[in-house]
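Shown below: input-v3.txt, with compact mmCIF, C-alpha atoms and all ligand atoms.
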```txt
# COMPACT_ATOMS: atom_id res chain seq x y z
CA MET A 130 122.31 -57.28 168.31
CA LEU A 131 122.24 -55.77 164.85
CA THR A 132 120.52 -58.15 162.48
CA SER A 133 122.47 -56.96 159.46
CA MET A 134 125.86 -57.77 160.98
CA ARG A 135 128.31 -59.82 158.92
CA ASP A 136 128.91 -63.39 160.10
CA ASP A 137 132.59 -62.70 160.79
CA THR A 138 131.77 -59.69 162.93
CA ARG A 139 129.27 -61.68 164.96
CA ARG A 140 131.78 -64.50 165.48
CA TRP A 141 134.54 -62.10 166.62
CA ILE A 142 132.23 -60.31 169.03
CA GLN A 143 131.00 -63.57 170.50
CA ALA A 144 134.54 -64.88 170.98
CA ASP A 145 135.64 -61.58 172.52
CA GLN A 146 132.70 -61.42 174.89
CA ALA A 147 133.27 -65.03 175.90
CA HIS A 148 137.03 -64.79 176.52
CA CYS A 149 138.62 -61.31 176.42
CA TRP A 150 139.03 -59.04 179.43
CA HIS A 151 139.48 -55.39 178.39
CA PRO A 152 141.51 -52.64 180.08
CA PHE A 153 139.69 -50.06 182.23
CA THR A 154 136.39 -51.70 181.27
CA ARG A 155 133.19 -52.58 183.09
CA GLN A 156 133.02 -56.07 181.66
CA GLY A 157 129.38 -56.55 182.62
CA GLU A 158 128.37 -53.77 180.26
CA TRP A 159 130.87 -54.81 177.61
CA CYS A 160 129.43 -58.31 177.48
CA ALA A 161 125.77 -57.25 177.67
CA ALA A 162 123.59 -58.68 174.93
CA ASP A 163 122.78 -55.23 173.55
CA HIS A 164 126.44 -54.12 173.32
CA ASP A 165 128.09 -54.66 169.96
CA PRO A 166 131.69 -53.47 170.21
CA LEU A 167 133.31 -52.15 167.06
CA VAL A 168 135.75 -54.64 165.59
CA LEU A 169 138.54 -52.53 164.05
CA THR A 170 140.19 -54.29 161.15
CA HIS A 171 142.40 -51.87 159.26
CA GLY A 172 143.55 -48.31 158.87
CA GLN A 173 145.06 -45.81 156.49
CA GLY A 174 146.47 -42.46 157.53
CA ALA A 175 144.27 -40.90 160.20
CA TRP A 176 141.40 -43.30 159.40
CA LEU A 177 140.28 -46.65 160.76
CA TRP A 178 137.75 -49.13 159.36
CA ASP A 179 135.60 -51.61 161.23
CA SER A 180 134.62 -55.10 160.18
CA GLU A 181 131.36 -53.76 158.74
CA GLY A 182 133.29 -51.51 156.35
CA ARG A 183 132.52 -48.25 158.17
CA ARG A 184 135.21 -45.56 158.30
CA TYR A 185 136.18 -43.39 161.28
CA LEU A 186 138.75 -40.69 161.94
CA ASP A 187 141.07 -41.91 164.73
CA GLY A 188 140.30 -39.04 167.10
CA ASN A 189 142.47 -40.24 169.97
CA SER A 190 145.35 -41.65 167.94
CA SER A 191 144.48 -45.19 169.07
CA ILE A 192 144.83 -44.31 172.73
CA TRP A 193 147.44 -41.58 172.22
CA THR A 194 149.97 -43.70 170.34
CA ASN A 195 149.71 -43.06 166.59
CA ILE A 196 151.80 -40.25 165.07
CA HIS A 197 152.13 -40.47 161.28
CA GLY A 198 148.94 -42.42 160.55
CA HIS A 199 148.06 -46.07 160.14
CA ALA A 200 149.60 -48.44 157.58
CA HIS A 201 152.27 -45.88 156.73
CA PRO A 202 154.24 -47.48 153.90
CA ALA A 203 157.68 -46.45 155.21
CA ILE A 204 157.09 -47.60 158.78
CA THR A 205 155.44 -50.81 157.63
CA ALA A 206 158.36 -51.50 155.28
CA ALA A 207 160.90 -50.86 158.03
CA ILE A 208 159.19 -53.37 160.31
CA ARG A 209 158.86 -55.89 157.49
CA ASP A 210 162.56 -55.55 156.58
CA GLN A 211 163.50 -56.14 160.20
CA LEU A 212 161.20 -59.18 160.45
CA GLU A 213 162.96 -60.73 157.48
CA LYS A 214 166.19 -60.55 159.50
CA THR A 215 164.92 -61.32 162.98
CA ALA A 216 161.84 -60.49 165.05
CA HIS A 217 163.60 -60.58 168.37
CA THR A 218 167.03 -61.18 169.82
CA SER A 219 168.16 -60.75 173.41
CA PHE A 220 169.46 -57.38 174.55
CA LEU A 221 170.83 -59.13 177.61
CA GLY A 222 174.36 -60.00 176.63
CA PHE A 223 174.07 -58.74 173.04
CA THR A 224 173.26 -55.63 171.11
CA HIS A 225 171.81 -55.05 167.64
CA PRO A 226 172.01 -52.27 165.03
CA GLY A 227 168.54 -50.83 165.60
CA ALA A 228 168.94 -50.32 169.35
CA ALA A 229 172.38 -48.74 168.95
CA GLU A 230 171.10 -46.34 166.31
CA LEU A 231 167.86 -45.53 168.10
CA ALA A 232 169.62 -44.75 171.39
CA SER A 233 172.00 -42.35 169.69
CA ARG A 234 169.19 -40.72 167.68
CA LEU A 235 167.17 -40.14 170.87
CA CYS A 236 170.17 -38.61 172.66
CA GLY A 237 170.71 -36.39 169.62
CA PHE A 238 167.53 -34.47 170.49
CA PHE A 239 169.25 -33.06 173.59
CA PRO A 240 172.40 -30.99 174.06
CA ASP A 241 175.64 -32.94 174.41
CA HIS A 242 176.42 -34.24 177.88
CA THR A 243 172.82 -33.99 179.07
CA LEU A 244 170.51 -36.95 178.45
CA GLU A 245 172.98 -39.39 177.01
CA ARG A 246 171.92 -42.87 178.19
CA VAL A 247 168.86 -44.81 177.08
CA PHE A 248 167.35 -47.80 178.85
CA PHE A 249 164.72 -49.58 176.74
CA SER A 250 161.58 -51.30 177.99
CA ASP A 251 158.08 -52.00 176.75
CA ASP A 252 155.40 -49.54 177.88
CA GLY A 253 154.85 -46.19 179.50
CA SER A 254 154.44 -47.89 182.86
CA THR A 255 157.76 -49.69 182.58
CA ALA A 256 159.52 -46.53 181.40
CA VAL A 257 158.36 -44.84 184.61
CA GLU A 258 158.99 -47.93 186.76
CA CYS A 259 162.53 -47.97 185.50
CA ALA A 260 163.16 -44.28 186.25
CA LEU A 261 161.88 -44.80 189.81
CA LYS A 262 164.12 -47.79 190.44
CA MET A 263 167.12 -45.99 188.99
CA ALA A 264 166.38 -42.92 191.11
CA VAL A 265 166.16 -44.98 194.32
CA GLN A 266 169.21 -47.09 193.56
CA TYR A 267 171.16 -43.95 192.67
CA ARG A 268 170.59 -42.61 196.21
CA LEU A 269 171.64 -45.91 197.77
CA GLN A 270 174.88 -45.74 195.82
CA THR A 271 175.63 -42.07 196.45
CA GLY A 272 175.31 -42.13 200.24
CA GLU A 273 171.79 -40.73 200.58
CA PRO A 274 169.74 -43.84 201.43
CA THR A 275 167.03 -41.86 203.23
CA ARG A 276 166.11 -40.09 200.01
CA ASN A 277 163.85 -42.96 198.98
CA GLY A 278 160.49 -41.28 198.44
CA PHE A 279 158.88 -39.42 195.58
CA ALA A 280 156.65 -36.44 195.12
CA ALA A 281 153.98 -36.61 192.45
CA PHE A 282 151.10 -34.37 191.47
CA SER A 283 147.44 -34.79 192.39
CA ASN A 284 145.39 -36.26 189.57
CA GLY A 285 148.53 -37.36 187.73
CA TYR A 286 148.75 -40.62 185.83
CA HIS A 287 151.97 -42.53 185.29
CA GLY A 288 150.89 -46.08 184.47
CA ASP A 289 149.55 -49.19 186.13
CA THR A 290 152.46 -51.33 187.27
CA LEU A 291 152.83 -51.14 191.03
CA GLY A 292 155.60 -48.55 191.32
CA ALA A 293 154.15 -46.31 188.63
CA ALA A 294 150.67 -46.75 190.11
CA SER A 295 151.90 -45.59 193.52
CA LEU A 296 152.59 -42.19 191.89
CA GLY A 297 149.08 -42.08 190.47
CA GLY A 298 146.88 -39.32 191.80
CA VAL A 299 143.57 -40.43 190.28
CA GLY A 300 141.56 -41.86 193.17
CA ARG A 301 139.16 -43.92 191.10
CA PHE A 302 142.04 -45.91 189.59
CA PHE A 303 144.53 -46.21 192.41
CA GLU A 304 142.63 -46.14 195.73
CA LYS A 305 142.45 -49.91 196.05
CA PHE A 306 146.22 -50.27 195.83
CA LYS A 307 147.11 -47.38 198.10
CA GLY A 308 149.77 -48.55 200.53
CA ASN A 309 151.51 -50.70 197.97
CA GLY A 310 154.48 -49.32 196.11
CA TYR A 311 156.75 -46.39 196.88
CA PRO A 312 156.38 -43.79 199.60
CA VAL A 313 154.79 -40.99 197.59
CA THR A 314 153.64 -37.56 198.68
CA HIS A 315 151.02 -36.04 196.41
CA VAL A 316 151.09 -32.29 195.92
CA GLY A 317 148.68 -30.03 194.09
CA SER A 318 151.08 -27.28 193.13
CA LEU A 319 154.62 -26.06 193.18
CA ASP A 320 153.93 -24.25 196.45
CA ASP A 321 152.84 -27.52 198.07
CA LEU A 322 156.04 -29.09 196.82
CA ARG A 323 158.17 -26.29 198.23
CA ALA A 324 156.68 -27.02 201.66
CA LEU A 325 158.04 -30.60 201.68
CA ASP A 326 161.32 -31.67 203.21
CA PRO A 327 163.44 -32.48 200.16
CA ALA A 328 165.78 -34.63 202.25
CA THR A 329 163.30 -37.52 201.97
CA LEU A 330 162.83 -37.24 198.23
CA ALA A 331 164.67 -39.12 195.51
CA GLY A 332 162.67 -37.42 192.79
CA VAL A 333 159.60 -35.55 191.71
CA VAL A 334 157.54 -36.91 188.85
CA ILE A 335 155.36 -34.85 186.54
CA GLU A 336 153.59 -34.96 183.20
CA PRO A 337 155.10 -31.77 181.73
CA LEU A 338 152.88 -29.03 180.24
CA ILE A 339 149.63 -31.00 180.46
CA GLN A 340 148.16 -33.75 182.61
CA GLY A 341 146.45 -36.19 180.26
CA VAL A 342 144.23 -38.41 182.39
CA ASN A 343 143.31 -35.39 184.53
CA GLU A 344 140.86 -34.39 181.80
CA MET A 345 143.61 -32.75 179.71
CA ARG A 346 144.58 -30.04 182.18
CA PRO A 347 147.56 -27.83 181.25
CA TRP A 348 150.01 -26.47 183.82
CA PRO A 349 150.58 -22.70 183.99
CA ALA A 350 153.25 -21.48 181.55
CA GLY A 351 156.65 -21.31 183.20
CA MET A 352 155.80 -23.89 185.86
CA LEU A 353 158.11 -26.53 184.44
CA ALA A 354 161.13 -24.21 184.43
CA GLU A 355 160.35 -23.23 188.02
CA LEU A 356 160.10 -26.88 188.99
CA ARG A 357 163.49 -27.53 187.41
CA ALA A 358 164.98 -24.67 189.44
CA TRP A 359 163.49 -26.05 192.67
CA CYS A 360 164.85 -29.51 191.88
CA ASP A 361 168.32 -28.05 191.33
CA GLN A 362 168.21 -26.16 194.64
CA SER A 363 166.90 -29.14 196.58
CA GLY A 364 168.97 -31.91 195.01
CA VAL A 365 165.83 -33.74 193.93
CA HIS A 366 165.78 -35.51 190.56
CA LEU A 367 163.28 -34.27 188.02
CA ILE A 368 161.52 -37.20 186.35
CA LEU A 369 159.47 -36.19 183.32
CA ASP A 370 156.76 -38.52 182.13
CA GLU A 371 156.48 -37.64 178.44
CA VAL A 372 154.71 -40.87 177.61
CA MET A 373 151.80 -38.88 176.19
CA THR A 374 153.43 -35.54 175.35
CA GLY A 375 156.51 -36.92 173.58
CA PHE A 376 157.01 -37.07 169.83
CA GLY A 377 155.40 -33.88 168.65
CA ARG A 378 152.02 -33.90 170.37
CA THR A 379 152.56 -30.51 171.99
CA GLY A 380 154.01 -28.93 168.86
CA LYS A 381 157.66 -29.57 169.74
CA MET A 382 159.37 -32.94 169.72
CA PHE A 383 159.26 -33.05 173.54
CA ALA A 384 157.16 -30.96 175.90
CA CYS A 385 160.19 -30.07 178.03
CA GLN A 386 161.66 -28.18 175.07
CA HIS A 387 158.95 -25.51 175.40
CA GLU A 388 160.59 -24.32 178.62
CA ASN A 389 164.16 -25.35 177.85
CA VAL A 390 164.11 -27.85 180.66
CA ILE A 391 166.26 -30.95 180.69
CA PRO A 392 165.16 -33.54 183.22
CA ASP A 393 167.29 -36.07 185.08
CA PHE A 394 165.05 -38.82 183.74
CA LEU A 395 162.83 -38.71 180.66
CA CYS A 396 160.20 -41.42 180.17
CA LEU A 397 159.02 -42.11 176.62
CA ALA A 398 156.66 -44.68 175.18
CA LYS A 399 153.32 -44.31 173.33
CA GLY A 400 154.51 -42.38 170.25
CA LEU A 401 158.07 -43.75 170.26
CA THR A 402 157.36 -46.30 167.51
CA GLY A 403 154.89 -44.00 165.77
CA GLY A 404 152.23 -46.06 167.52
CA TYR A 405 153.16 -49.29 165.71
CA LEU A 406 154.69 -51.54 168.36
CA PRO A 407 154.96 -51.48 172.16
CA MET A 408 158.27 -50.00 173.18
CA ALA A 409 159.55 -47.53 175.76
CA ALA A 410 162.70 -45.69 176.71
CA THR A 411 163.99 -44.17 179.93
CA MET A 412 166.66 -41.60 179.25
CA THR A 413 169.07 -40.29 181.87
CA THR A 414 172.23 -38.32 182.45
CA ARG A 415 175.91 -39.19 182.66
CA ARG A 416 175.82 -38.25 186.34
CA VAL A 417 173.10 -40.78 187.18
CA TYR A 418 174.66 -43.44 185.00
CA ALA A 419 178.09 -43.02 186.62
CA ALA A 420 176.69 -44.10 190.00
CA PHE A 421 175.94 -47.53 188.52
CA LEU A 422 179.55 -48.18 187.49
CA GLY A 423 182.25 -49.85 189.56
CA SER A 424 181.60 -52.84 191.78
CA PRO A 425 179.20 -55.51 190.45
CA ASP A 426 176.50 -54.79 193.04
CA ARG A 427 176.15 -51.29 191.64
CA ALA A 428 174.70 -52.60 188.36
CA PHE A 429 171.07 -51.96 187.49
CA TYR A 430 169.53 -55.42 187.77
CA TYR A 431 166.37 -54.81 185.82
CA GLY A 432 165.02 -55.75 182.40
CA HIS A 433 162.31 -57.46 180.40
CA SER A 434 162.48 -60.31 177.89
CA TYR A 435 161.60 -58.06 174.98
CA THR A 436 163.84 -55.15 175.99
CA ALA A 437 164.95 -53.22 172.86
CA ASN A 438 162.89 -55.43 170.56
CA PRO A 439 164.44 -55.06 167.09
CA ALA A 440 161.11 -54.68 165.28
CA GLY A 441 160.14 -51.91 167.73
CA CYS A 442 163.48 -50.18 167.17
CA ALA A 443 162.98 -50.40 163.39
CA ALA A 444 159.53 -48.81 163.73
CA ALA A 445 160.90 -46.07 165.99
CA LEU A 446 163.76 -45.25 163.62
CA ALA A 447 161.33 -45.12 160.68
CA SER A 448 159.03 -42.85 162.68
CA LEU A 449 161.92 -40.47 163.41
CA ASP A 450 162.80 -40.53 159.70
CA MET A 451 159.20 -39.55 158.88
CA PHE A 452 159.42 -36.55 161.22
CA GLU A 453 162.24 -35.34 158.94
CA GLN A 454 160.94 -36.43 155.53
CA GLU A 455 157.36 -35.31 156.06
CA LYS A 456 158.36 -32.17 157.98
CA THR A 457 155.85 -33.21 160.63
CA LEU A 458 156.78 -30.54 163.16
CA ALA A 459 157.05 -27.74 160.60
CA LEU A 460 153.52 -28.47 159.36
CA LEU A 461 152.02 -28.55 162.84
CA PRO A 462 151.67 -24.86 163.80
CA ALA A 463 149.16 -24.19 161.00
CA LYS A 464 147.14 -27.26 161.98
CA ILE A 465 147.29 -26.34 165.66
CA ASP A 466 145.90 -22.89 164.79
CA HIS A 467 143.21 -24.47 162.63
CA LEU A 468 142.26 -26.75 165.50
CA ARG A 469 142.14 -23.81 167.92
CA ALA A 470 139.80 -21.89 165.61
CA GLY A 471 137.62 -24.97 165.03
CA LEU A 472 137.32 -25.62 168.75
CA ALA A 473 136.35 -21.99 169.38
CA THR A 474 133.60 -22.23 166.74
CA LEU A 475 132.35 -25.48 168.24
CA LYS A 476 132.29 -23.97 171.73
CA ALA A 477 130.38 -20.92 170.51
CA ALA A 478 127.72 -23.18 168.97
CA HIS A 479 127.27 -25.53 171.94
CA PRO A 480 126.55 -24.08 175.39
CA ALA A 481 127.21 -27.50 176.94
CA ILE A 482 130.91 -26.96 176.22
CA HIS A 483 132.11 -25.54 179.50
CA ASP A 484 135.80 -25.35 178.66
CA VAL A 485 138.17 -26.19 175.85
CA ARG A 486 141.74 -26.97 176.81
CA GLN A 487 144.36 -27.26 174.11
CA CYS A 488 148.08 -27.90 174.22
CA GLY A 489 149.50 -28.20 170.72
CA PHE A 490 147.70 -31.04 168.96
CA ILE A 491 146.08 -32.27 172.18
CA ALA A 492 142.61 -31.05 173.12
CA GLY A 493 140.11 -31.69 175.90
CA ILE A 494 136.52 -30.49 175.48
CA GLU A 495 134.78 -30.39 178.84
CA LEU A 496 130.99 -30.69 178.99
CA ARG A 497 128.95 -29.36 181.90
CA GLN A 498 125.39 -28.42 182.71
CA PRO A 499 124.31 -24.90 181.66
CA CYS A 500 124.66 -23.73 185.28
CA GLY A 501 128.34 -24.69 185.18
CA THR A 502 128.15 -27.71 187.49
CA ARG A 503 129.27 -31.11 186.33
CA PHE A 504 126.72 -33.60 185.08
CA PRO A 505 125.94 -36.36 187.57
CA ALA A 506 128.58 -39.07 187.06
CA GLU A 507 125.96 -41.70 186.25
CA SER A 508 124.62 -39.71 183.29
CA ARG A 509 127.87 -40.44 181.40
CA VAL A 510 127.32 -37.65 178.93
CA GLY A 511 130.88 -37.68 177.54
CA GLU A 512 130.57 -41.35 176.74
CA ALA A 513 127.20 -40.81 175.05
CA VAL A 514 128.69 -38.11 172.80
CA CYS A 515 131.60 -40.34 171.78
CA ILE A 516 129.25 -43.19 170.94
CA ALA A 517 126.98 -40.89 168.93
CA ALA A 518 130.02 -39.47 167.09
CA ARG A 519 130.78 -42.90 165.64
CA ALA A 520 127.78 -42.63 163.36
CA HIS A 521 129.33 -39.42 162.01
CA GLY A 522 132.71 -41.01 161.37
CA LEU A 523 134.75 -40.18 164.48
CA LEU A 524 136.25 -42.42 167.14
CA THR A 525 137.37 -41.12 170.47
CA ARG A 526 136.98 -41.71 174.21
CA PRO A 527 136.14 -39.27 176.96
CA ILE A 528 137.74 -38.88 180.36
CA LEU A 529 134.69 -38.37 182.57
CA ASP A 530 132.80 -35.67 180.63
CA THR A 531 135.85 -34.30 178.86
CA LEU A 532 136.05 -35.38 175.24
CA VAL A 533 139.60 -36.14 174.23
CA PHE A 534 140.63 -35.03 170.78
CA MET A 535 144.21 -35.76 169.79
CA PRO A 536 144.35 -37.25 166.31
CA PRO A 537 147.55 -38.44 164.61
CA LEU A 538 149.91 -35.59 163.68
CA CYS A 539 149.38 -36.39 159.98
CA THR A 540 145.70 -35.33 160.24
CA THR A 541 144.92 -32.58 157.71
CA CYS A 542 142.88 -29.43 158.28
CA ASP A 543 140.01 -30.96 156.26
CA GLU A 544 140.11 -34.02 158.48
CA LEU A 545 140.10 -31.82 161.59
CA ASP A 546 136.97 -30.12 160.23
CA HIS A 547 135.36 -33.50 159.64
CA ALA A 548 136.06 -34.57 163.21
CA LEU A 549 134.80 -31.38 164.83
CA SER A 550 131.64 -31.41 162.75
CA ALA A 551 131.10 -35.05 163.78
CA LEU A 552 131.26 -33.89 167.40
CA GLY A 553 128.81 -31.08 166.66
CA SER A 554 126.37 -33.54 165.09
CA ALA A 555 126.79 -35.90 168.03
CA PHE A 556 125.93 -33.14 170.56
CA LEU A 557 122.60 -32.60 168.84
CA GLN A 558 121.66 -36.23 169.45
CA ILE A 559 122.17 -36.12 173.23
CA PRO A 560 119.04 -34.80 174.99
CA ALA A 561 121.01 -33.68 178.08
CA LEU A 562 123.06 -31.32 175.87
CA THR A 563 120.18 -29.69 174.05
CA PRO A 564 117.86 -28.39 176.78
CA ALA A 565 114.56 -27.02 175.48
CA ARG A 566 114.82 -23.26 175.03
C1 LIG B 601 149.62 -43.84 178.93
C2 LIG B 601 150.48 -43.18 179.95
C3 LIG B 601 151.31 -43.94 180.79
C4 LIG B 601 151.31 -45.44 180.79
O1 LIG B 601 151.74 -45.98 179.58
P1 LIG B 601 151.35 -47.49 179.20
O2 LIG B 601 152.04 -47.71 177.90
O3 LIG B 601 149.86 -47.52 179.09
O4 LIG B 601 151.87 -48.36 180.28
C5 LIG B 601 152.14 -43.28 181.66
N1 LIG B 601 152.15 -41.93 181.72
C6 LIG B 601 151.39 -41.17 180.93
C7 LIG B 601 151.48 -39.69 181.02
C8 LIG B 601 150.51 -41.77 180.03
O5 LIG B 601 149.71 -41.01 179.26
```
Please express what this file holds, its structure, as structure tokens.
Ligand SMILES: *Cc1c(COP(=O)(O)O)cnc(C)c1O
Amino acid sequence: MLTSMRDDTRRWIQADQAHCWHPFTRQGEWCAADHDPLVLTHGQGAWLWDSEGRRYLDGNSSIWTNIHGHAHPAITAAIRDQLEKTAHTSFLGFTHPGAAELASRLCGFFPDHTLERVFFSDDGSTAVECALKMAVQYRLQTGEPTRNGFAAFSNGYHGDTLGAASLGGVGRFFEKFKGNGYPVTHVGSLDDLRALDPATLAGVVIEPLIQGVNEMRPWPAGMLAELRAWCDQSGVHLILDEVMTGFGRTGKMFACQHENVIPDFLCLAKGLTGGYLPMAATMTTRRVYAAFLGSPDRAFYYGHSYTANPAGCAAALASLDMFEQEKTLALLPAKIDHLRAGLATLKAAHPAIHDVRQCGFIAGIELRQPCGTRFPAESRVGEAVCIAARAHGLLTRPILDTLVFMPPLCTTCDELDHALSALGSAFLQIPALTPAR
């Protein structure tokens, strides 16, 4: 325990360690007497402050959600205005202005008569869950009941609810629940997929352009367009999980736009509200939607209490407005180039950087031993770097020994430089990364 800690900070940490249970966390270590978690209290732009008054650049956009920065006056005002009207009303049996406008704005990003229906839910997992259920029910209602399985990619990540988790290809997360959920075949490549019998498949699910949880690993250019062509030939629905890549992260509004691909289902969440409130959307086509019309038993009986939450819709609409007013996408290419150059300089200075993978404003910096083999898992080098970087004013989290760097899109070139130099300083503090010469 730090002796200089403020009383409030100490009280919050004690209450947390006594009663909170954190996601993806080894609670034994979290609650250890010598672990003082940061208590984040406020933010501004790309920066966050902790309860001790220390400032950090938000290097992973608060777990890949934040787009235009924290405490953005326009987004905050939009939420506040909505709260003065109502915080929540039911979308079951009623509609409201924000949902109607948001659905049409989202469809407006795609050519007419393509993705033209939006089903709202709460998180990335539920956006995917919803696409899977729609895809299965579609087959039941179009005379292909044996097409009830899915193909998904090795090392992919699509969320933690049971259906979404059954697609997951990351053994350390999903092994224990194998056998629950949908019949899923995992493939490593397009060639593996082509070898499957499509007659058993309702859909294939992919994180387009780059797999996030798989240590930020991009797909080969052109792969998505080829996948679309295979789906068309085989009558298999293409389900794109753009929960991470959506809303500008890759340099375009949606990753699928890089290869002019339009999926049958598009799953959106994290950045949808600019990272302000939990909300998700599953978009689909007229063709899919039409199969749910007609007799009452064809309806899609699915939903959550907070579906289309009005405050979330207000935040999402304000975030879309900011893309226009602040010319977010137009400003990105210069920053993406600046980031690429900065990462190259960092790599040249630190032999422990084995590989740098970048896709737009998303980067993964993979650390390995000088001989090119991975560090032993128990050395947790990536984690050590991220913890050391805090003292230099940067917050982020690794995936294994790959450092994730994907700050809010509002981050300036100066702020990028600050973050990369914080990483450089952190490397020098980790003995495993600075072998004696
Ligand atoms: C984060 C993520 C999810 C899950 O979203 P949650 O909001 O955490 O449920 C699904 N797919 C991808 C690609 C993600 O990055």
Practice problem: Counting only C-alpha atoms, select every polymer residue within 10 Å of (149.1, -34.4, 181.6) as defined in the file's coordinates, and provide the selection as a PyMOL selection string. | Solution: chain A and resi 284-287+335-348+370-374+488
Quiz item: Can you tell me, as a VMD selection string, what residues are no more than 12 Å from region 468-482 of chain A when counting all atoms listed in the file, ignoring any on the same chain fewer than 6 positions away?
Solution: chain A and resid 461 to 462 488 to 504 510 to 511 514 530 to 532 534 to 536 538 540 to 557 559 to 564 566
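For the residues A:Leu330, A:Leu244, A:Cys259, A:Ala506, ranking by smallest atom-to-atom distance to ligand LIG 601 (chain B) using only C-alpha atoms and all ligand atoms places A:Cys259 first.
Between Ala207 (chain A) and the residues A:Asp450, A:Glu230, A:Asp252, A:Glu507, the shortest atom-to-atom distance, using all atoms listed in the file, involves A:Asp450.
Counting all atoms listed in the file and comparing A:Leu401, A:Leu169, A:Leu395, A:Ala229, the residue that lies closest to Leu449 (chain A) is A:Leu401.
The space separating CA of Gln211 (chain A) from atom C5 of ligand LIG 601 (chain B) comes to 27.5 Å.
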For Ser254 (chain A), find every residue with an atom within 10 Å (counting all atoms listed in the file), except residues of its own chain fewer than 4 positions away, and show them as an mmCIF file with C-alpha atoms, in the frame of the given file.
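Written out: part-v4.cif:
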```
data_model
loop_
_atom_site.group_PDB
_atom_site.id
_atom_site.type_symbol
_atom_site.label_atom_id
_atom_site.label_comp_id
_atom_site.auth_asym_id
_atom_site.auth_seq_id
_atom_site.Cartn_x
_atom_site.Cartn_y
_atom_site.Cartn_z
ATOM 1 C CA SER A 250 161.580 -51.300 177.990
ATOM 2 C CA GLU A 258 158.990 -47.930 186.760
ATOM 3 C CA CYS A 259 162.530 -47.970 185.500
ATOM 4 C CA TYR A 286 148.750 -40.620 185.830
ATOM 5 C CA HIS A 287 151.970 -42.530 185.290
ATOM 6 C CA GLY A 288 150.890 -46.080 184.470
ATOM 7 C CA ASP A 289 149.550 -49.190 186.130
ATOM 8 C CA THR A 290 152.460 -51.330 187.270
ATOM 9 C CA LEU A 291 152.830 -51.140 191.030
ATOM 10 C CA GLY A 292 155.600 -48.550 191.320
ATOM 11 C CA ALA A 293 154.150 -46.310 188.630
ATOM 12 C CA ALA A 294 150.670 -46.750 190.110
ATOM 13 C CA ASP A 370 156.760 -38.520 182.130
ATOM 14 C CA VAL A 372 154.710 -40.870 177.610
ATOM 15 C CA CYS A 396 160.200 -41.420 180.170
ATOM 16 C CA LEU A 397 159.020 -42.110 176.620
ATOM 17 C CA ALA A 398 156.660 -44.680 175.180
ATOM 18 C CA ALA A 409 159.550 -47.530 175.760
#
```
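Nearest to ligand LIG 601 (chain B) of all the residues A:Ala513, A:Gly308, A:Gly297, A:Ala350 is A:Gly297, based on only C-alpha atoms and all ligand atoms.
The space separating CA of Asp179 (chain A) from atom C8 of ligand LIG 601 (chain B) comes to 25.9 Å.
CA of Gly403 (chain A) is found 29.1 Å from CA of Arg155 (chain A).
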Self-check item: Given all atoms listed in the file as the counted atoms, nearest of A:Asn309, A:Ser180, A:Thr402, A:Ser363 to ligand LIG 601 (chain B)
Solution: A:Thr402
Quiz item: Do you know which residues are at most 12 Å from Asp165 (chain A) counting all atoms listed in the file, after dropping those on the same chain fewer than 5 positions away, and could you put them as a count of residues only?
Solution: 19
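With all atoms listed in the file as the atoms that count, the minimum distance from ligand LIG 601 (chain B) to the choices A:Ser318, A:Ser283, A:Thr194, A:Gln270 is reached by A:Thr194.
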Exercise. Find the spatial neighbours of Ala444 (chain A), counting only C-alpha atoms, within a cut-off of 12 Å - ignore same-chain residues fewer than 6 positions away - and output them as number ranges by chain.
Key: A: 195-197, 200-212, 216, 227-228, 231, 400-408, 437-438, 450-451
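Residues with at least one atom no more than 12 Å from (165.6, -41.9, 203.8), using all atoms listed in the file, are Val265, Arg268, Leu269, Gly272, Glu273, Pro274, Thr275, Arg276, Asn277, Gly278, Phe279, Pro312, Asp326, Pro327, Ala328, Thr329, Leu330 and Ala331 of chain A.
For region 417-426 of chain A, the set of protein, DNA and RNA residues having any atom at most 8 Å away, when counting all atoms listed in the file and skipping those fewer than 5 positions along the same chain, is Arg246, Tyr267, Gln270, Thr271 and Asp393 of chain A.
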Taking all atoms of ligand LIG 601 (chain B) that the file lists and extending 3 Å past them on each side, where is the centre of the axis-aligned box and how long are its edges? Answer in Å to one decimal, as JSON.
```
{"center_x": 150.9, "center_y": -44.0, "center_z": 179.8, "size_x": 8.5, "size_y": 14.7, "size_z": 9.8}
```
